[in-house]
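**Q** Sending over a structure as structure tokens; questions will come in a sec.
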Amino acid sequence: MPAQMIYFTEDVHVMVYMGDKLTMDIHGRDTLEKQFSAFTGGIKASHHQNGQQVITIDGDTATDVHYCRAALVMEENGHDVVSDNYIRYTDKLVKQEGKWLIKEREQHFVITKKQDL
């Protein structure tokens with residue numbers, strides 16, 4: 001996760017929803033790195049498949065809506081399970097020093113299915 005932090009502004013705001021419930025409300029890049037590293041620490045393997053992406057640019061700002069399917073293998077109750085997640089991201093981007101960075105992210109886990117491996 002630390003390598004991905006270069007894509008976020010210092011004052012990033014990330015909101016993570018499971019269904020309609022807000023489960024994480026993160027302010028700042030340092031906090032984001034800590035919380036996401038803690039979340040991903042228990043993941044044994046993962047596969048991400050990115051789908052449709054639509055970016056709307058307006059000067060030095062943009063909105064990016066994109067979709068991802070993420071399969072995450074983790075241990076629960078002493079055995080491995082795969083969590084199959086269908087995710088929609090809505091990012092608000094800003095251009096700073098010639099680079100596009102994520103200033104705000106809404107991450108919606110629209111569907112999550114778990115099964116034993």
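Ordering of the structure tokens sets the chain letters (A, B, ...), residue numbers begin anew at 1 in every chain, and ligands are numbered from 1 in the order given.
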Can you tell me, as a list of chain:residue names, what residues are no more than 12 Å from His108 (chain A) when counting only C-alpha atoms, ignoring any on the same chain fewer than 2 positions away?

**A**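 The residues that qualify are A:Val14, A:Met15, A:Val16, A:Tyr17, A:Met18, A:Gly19, A:Asp20, A:Lys21, A:Leu22, A:Thr23, A:Met24, A:Val65, A:His66, A:Tyr67, A:Cys68, A:Arg69, A:Asn85, A:Tyr86, A:Ile87, A:Arg88, A:Tyr89, A:Thr90, A:Asp91, A:Arg105, A:Glu106, A:Val110, A:Ile111, A:Thr112.
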
**Q** Could you take the residues named above and write them with N, CA and C atoms, as a tab-separated table (two decimals), in the first residue's frame?

**A**
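Okay, this is what ended up in again11.tsv:
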```tsv
chain	number	residue	atom	x	y	z
A	14	VAL	N	-11.25	9.76	1.96
A	14	VAL	CA	-11.72	8.49	1.41
A	14	VAL	C	-12.88	7.97	2.26
A	15	MET	N	-13.97	7.66	1.59
A	15	MET	CA	-15.15	7.09	2.24
A	15	MET	C	-15.39	5.71	1.66
A	16	VAL	N	-15.46	4.70	2.52
A	16	VAL	CA	-15.67	3.32	2.08
A	16	VAL	C	-17.03	2.86	2.58
A	17	TYR	N	-17.84	2.38	1.66
A	17	TYR	CA	-19.19	1.92	1.97
A	17	TYR	C	-19.29	0.42	1.71
A	18	MET	N	-19.93	-0.28	2.62
A	18	MET	CA	-20.32	-1.68	2.42
A	18	MET	C	-21.83	-1.64	2.24
A	19	GLY	N	-22.25	-1.82	1.00
A	19	GLY	CA	-23.66	-1.57	0.71
A	19	GLY	C	-23.91	-0.09	0.88
A	20	ASP	N	-24.90	0.27	1.69
A	20	ASP	CA	-25.20	1.68	1.94
A	20	ASP	C	-24.59	2.19	3.23
A	21	LYS	N	-23.86	1.34	3.95
A	21	LYS	CA	-23.32	1.71	5.25
A	21	LYS	C	-21.88	2.22	5.13
A	22	LEU	N	-21.65	3.43	5.62
A	22	LEU	CA	-20.31	4.00	5.66
A	22	LEU	C	-19.50	3.25	6.71
A	23	THR	N	-18.42	2.58	6.29
A	23	THR	CA	-17.62	1.78	7.22
A	23	THR	C	-16.26	2.41	7.51
A	24	MET	N	-15.78	3.26	6.65
A	24	MET	CA	-14.53	3.97	6.87
A	24	MET	C	-14.68	5.40	6.37
A	65	VAL	N	-15.11	7.71	-12.62
A	65	VAL	CA	-15.96	6.63	-12.11
A	65	VAL	C	-15.46	5.35	-12.76
A	66	HIS	N	-15.10	4.38	-11.91
A	66	HIS	CA	-14.62	3.12	-12.46
A	66	HIS	C	-15.04	1.95	-11.58
A	67	TYR	N	-14.95	0.77	-12.15
A	67	TYR	CA	-15.46	-0.45	-11.53
A	67	TYR	C	-14.35	-1.48	-11.43
A	68	CYS	N	-14.45	-2.31	-10.39
A	68	CYS	CA	-13.42	-3.32	-10.16
A	68	CYS	C	-14.08	-4.54	-9.53
A	69	ARG	N	-13.55	-5.70	-9.89
A	69	ARG	CA	-13.90	-6.94	-9.20
A	69	ARG	C	-12.64	-7.39	-8.48
A	85	ASN	N	-15.59	-9.40	-4.42
A	85	ASN	CA	-16.14	-8.06	-4.23
A	85	ASN	C	-16.32	-7.33	-5.56
A	86	TYR	N	-17.47	-6.72	-5.70
A	86	TYR	CA	-17.76	-5.88	-6.86
A	86	TYR	C	-17.80	-4.44	-6.35
A	87	ILE	N	-16.89	-3.62	-6.86
A	87	ILE	CA	-16.65	-2.30	-6.27
A	87	ILE	C	-16.83	-1.20	-7.32
A	88	ARG	N	-17.46	-0.10	-6.89
A	88	ARG	CA	-17.56	1.10	-7.73
A	88	ARG	C	-16.79	2.22	-7.02
A	89	TYR	N	-15.89	2.85	-7.75
A	89	TYR	CA	-15.12	3.98	-7.24
A	89	TYR	C	-15.58	5.26	-7.93
A	90	THR	N	-15.74	6.32	-7.16
A	90	THR	CA	-15.93	7.65	-7.71
A	90	THR	C	-14.83	8.52	-7.12
A	91	ASP	N	-13.89	8.92	-7.97
A	91	ASP	CA	-12.75	9.73	-7.53
A	91	ASP	C	-12.89	11.15	-8.04
A	105	ARG	N	-12.26	10.12	-2.62
A	105	ARG	CA	-12.70	8.83	-3.17
A	105	ARG	C	-13.89	8.32	-2.39
A	106	GLU	N	-14.92	7.93	-3.15
A	106	GLU	CA	-16.03	7.15	-2.60
A	106	GLU	C	-15.87	5.75	-3.16
A	110	VAL	N	-20.40	-2.89	-3.67
A	110	VAL	CA	-21.79	-3.05	-4.09
A	110	VAL	C	-22.28	-4.47	-3.78
A	111	ILE	N	-21.45	-5.46	-4.10
A	111	ILE	CA	-21.77	-6.86	-3.83
A	111	ILE	C	-20.52	-7.51	-3.24
A	112	THR	N	-20.72	-8.27	-2.18
A	112	THR	CA	-19.65	-9.08	-1.59
A	112	THR	C	-20.19	-10.47	-1.33
```

**Q** Among region 33-90 of chain A, which residues carry a DSSP assignment of strand (DSSP E or B), reported as a PyMOL selection string?

**A** chain A and resi 43-58+61-76+79-90

**Q** I'd like to know which of A:Gln107, A:Gln96, A:Gln53, A:Ser83 is closest to Ile6 (chain A), using only C-alpha atoms.

**A**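 Under the stated criterion, the closest residue is A:Gln96.
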
**Q** Gln4 (chain A): which residues within 12 Å, counting only C-alpha atoms, same-chain residues fewer than 2 positions away excluded, as a PyMOL selection string?

**A** chain A and resi 1-2+6-9+29-30+32-33+36-37+101-102

**Q** Based on the selection just made, write C-alpha atoms of those residues as a PDB file, in the first residue's frame.

**A**
```pdb
ATOM      1  CA  MET A   1       0.000   0.000   0.000  1.00  0.00           C
ATOM      2  CA  PRO A   2       2.777   2.560   0.679  1.00  0.00           C
ATOM      3  CA  ILE A   6       1.835   8.837  -4.349  1.00  0.00           C
ATOM      4  CA  TYR A   7      -1.496   8.856  -6.226  1.00  0.00           C
ATOM      5  CA  PHE A   8      -3.351  10.656  -3.404  1.00  0.00           C
ATOM      6  CA  THR A   9      -3.191  14.271  -2.199  1.00  0.00           C
ATOM      7  CA  ARG A  29      -2.794  10.311   3.261  1.00  0.00           C
ATOM      8  CA  ASP A  30      -0.969   9.088   6.384  1.00  0.00           C
ATOM      9  CA  LEU A  32      -5.230   6.252   4.661  1.00  0.00           C
ATOM     10  CA  GLU A  33      -1.980   4.315   4.471  1.00  0.00           C
ATOM     11  CA  PHE A  36      -5.605   0.314   4.361  1.00  0.00           C
ATOM     12  CA  SER A  37      -2.380  -1.422   5.380  1.00  0.00           C
ATOM     13  CA  LEU A 101      -3.944  13.008  -7.915  1.00  0.00           C
ATOM     14  CA  ILE A 102      -6.968  11.634  -6.066  1.00  0.00           C
TER      15      ILE A 102
END
```

**Q** Excluding Ala70 (chain A) and its own-chain neighbours fewer than 5 positions away, which residues fall within 7 Å of it when counting only C-alpha atoms? Please give them as JSON, numbers by chain.

**A** {"A": [46, 47, 48, 49, 84, 85, 86]}

**Q** Go through chain A and collect every residue that DSSP, computed from the backbone, puts in alpha helix (DSSP H); the answer should be as a count of residues only.

**A** 12

**Q** Excluding same-chain residues fewer than 2 positions from Gly59 (chain A), what lies within 10 Å of it counting only C-alpha atoms, as a list in words?

**A**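 Near Gly59 (chain A), the qualifying residues are Thr56, Ile57, Thr61, Ala62, Val94 and Lys95 of chain A.
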
**Q** Could you tell me how far CA of Phe109 (chain A) sits from CA of Lys34 (chain A), in Å to one decimal place?

**A** 20.0 Å

**Q** Residues within 8 Å of Val81 (chain A), please, as a count of residues only. Count only C-alpha atoms; anything in the same chain fewer than 3 positions from it doesn't count.

**A** 8

**Q** Between A:Thr31, A:Asn77, A:Asn50, A:Thr40, which one has atoms that come closest to Asp11 (chain A), using only C-alpha atoms?

**A**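 Ranking A:Thr31, A:Asn77, A:Asn50, A:Thr40 by distance to Asp11 (chain A), first place goes to A:Thr31.
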